[in-house]
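Colleague: If you scroll down you'll find the structure; I have some questions about it.
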Amino acid sequence: MTDTASDLAPIGGTVENGVHRLKLRVYYEDTDFSGIVYHANYLRFLERGRTDFLRLAGIRQSDLFAGGDGVVFAVRAISVNYIKPALMDDLLSVTTRVSEVSGASFVMDQAIWRADTLLLSAMVTIVSLKNSRPVRLPETVKQALSGG
């Protein structure tokens with residue numbers, strides 16, 4: 001399959017109507033001996049989607065930590081539904097959107113697609129931590145996650 005120019009999104013992906021879309025290529029290193037993406041590598045793809053979503057929303061995790069707040073994000077819970085396998089050389093799209101924001105955490109709904117075929121869906125709960133203890137999300141982060 002030949003990629004078109006529209007298949008090659010800018011690095012970091014794009015956001016439209018609150019949904020972040022990140023394009024990824026499946027490489028040999030992502031697969032098991034049969035050419036199918038190894039199950040744990042989907043978690044890496046989802047992490048890239050979440051990180052780039054936050055970056056495009058103006059939330060740089062390294063700045064939060066280094067900026068004196070000492071705030072870090074950690075995955076508290078993740079629920080993954082593996083539906084169909086991704087294969088070597090596939091062009092995938094990781095979609096990410098915020099579905100809930102509360103005091104010290106937020107929930108992101110994610111999916112991995114190959115064209116119009118849903119391969120995986122996930123719900124990820126992220127908690128805000130300082131010195132390994134839950135802490136309220138900084139107000140700027142809450143606003144950015146809430147679309148403000």
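Here's how to read the names in the structure tokens: chain A, B, ... by the order shown, residue numbers from 1 in each chain, ligand numbers from 1 in the order shown.
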Which of stretch 3-71 of chain A end up as strand (DSSP E or B) when DSSP is run on this backbone - answer as a ChimeraX atom specification?

Modeller: /A:14-16,19-25,31,36-37,71

Colleague: Looking only at alpha helix (DSSP H) from DSSP on the backbone, list the matching residues of stretch 25-77 of chain A as a ChimeraX atom specification.

Modeller: /A:39-56,61-64

Colleague: Mind checking which residues fall within 10 Å of A:Leu120, counting only C-alpha atoms, ignoring those fewer than 3 positions away in the same chain, and posting them as a count of residues only?

Modeller: 16

Colleague: For A:Asp69, list every protein, DNA or RNA residue within 12 Å, evaluated using only C-alpha atoms, and leave out those in the same chain fewer than 5 positions away; present the list as a list in words.

Modeller: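 Within the cut-off, the hits are Gln61, Ser62, Asp63, Leu64, Ser128, Leu129, Lys130, Asn131, Val135, Arg136, Leu137, Pro138 and Glu139 of chain A.
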
Colleague: Those same residues, written as a compact mmCIF listing (two decimals), in the first residue's frame with C-alpha atoms?

Modeller:
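Saved file part25.txt follows:
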```
# COMPACT_ATOMS: atom_id res chain seq x y z
CA GLN A 61 5.23 17.15 31.47
CA SER A 62 8.93 17.93 31.83
CA ASP A 63 8.12 21.60 32.49
CA LEU A 64 5.54 20.69 35.15
CA SER A 128 -1.28 13.85 39.28
CA LEU A 129 1.51 13.20 41.81
CA LYS A 130 3.98 15.25 43.82
CA ASN A 131 6.55 13.43 45.93
CA VAL A 135 -2.04 16.20 44.36
CA ARG A 136 -4.64 18.41 42.71
CA LEU A 137 -4.10 19.11 39.04
CA PRO A 138 -2.62 22.57 38.49
CA GLU A 139 -5.37 24.95 37.36
```

Colleague: Take atom CA of A:Ile126 and atom CA of A:Phe45 and report the distance between them in Å, one decimal.

Modeller: 16.1 Å

Colleague: Write out as number ranges by chain the residues lying within 10 Å of A:Leu43, counting only C-alpha atoms and excluding same-chain residues fewer than 6 positions away.

Modeller: A: 49, 78, 80, 122

Colleague: Go ahead and write the residues just picked, N, CA and C atoms, as a PDB file, in the first residue's frame.

Modeller:
```pdb
ATOM      1  N   GLY A  49       0.553   8.666  22.052  1.00  0.00           N
ATOM      2  CA  GLY A  49      -0.646   9.441  21.771  1.00  0.00           C
ATOM      3  C   GLY A  49      -0.995  10.381  22.913  1.00  0.00           C
ATOM      4  N   ILE A  78      -5.595   1.222  33.650  1.00  0.00           N
ATOM      5  CA  ILE A  78      -5.774   1.148  32.200  1.00  0.00           C
ATOM      6  C   ILE A  78      -6.593  -0.098  31.893  1.00  0.00           C
ATOM      7  N   VAL A  80      -7.807  -2.213  28.560  1.00  0.00           N
ATOM      8  CA  VAL A  80      -7.520  -2.359  27.135  1.00  0.00           C
ATOM      9  C   VAL A  80      -8.364  -3.483  26.549  1.00  0.00           C
ATOM     10  N   ALA A 122      -9.085   1.693  24.587  1.00  0.00           N
ATOM     11  CA  ALA A 122      -8.526   1.741  25.941  1.00  0.00           C
ATOM     12  C   ALA A 122      -9.102   2.924  26.700  1.00  0.00           C
TER      13      ALA A 122
END
```

Colleague: Counting only C-alpha atoms, which of A:Leu119, A:Gly58, A:Met88, A:Ala104 gets nearest to A:Thr140?

Modeller: A:Gly58

Colleague: Mind giving me the straight-line distance from atom CA of A:Asp32 to atom CA of A:Leu92 in Å, one decimal?

Modeller: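 These atoms are spaced 17.2 Å apart.
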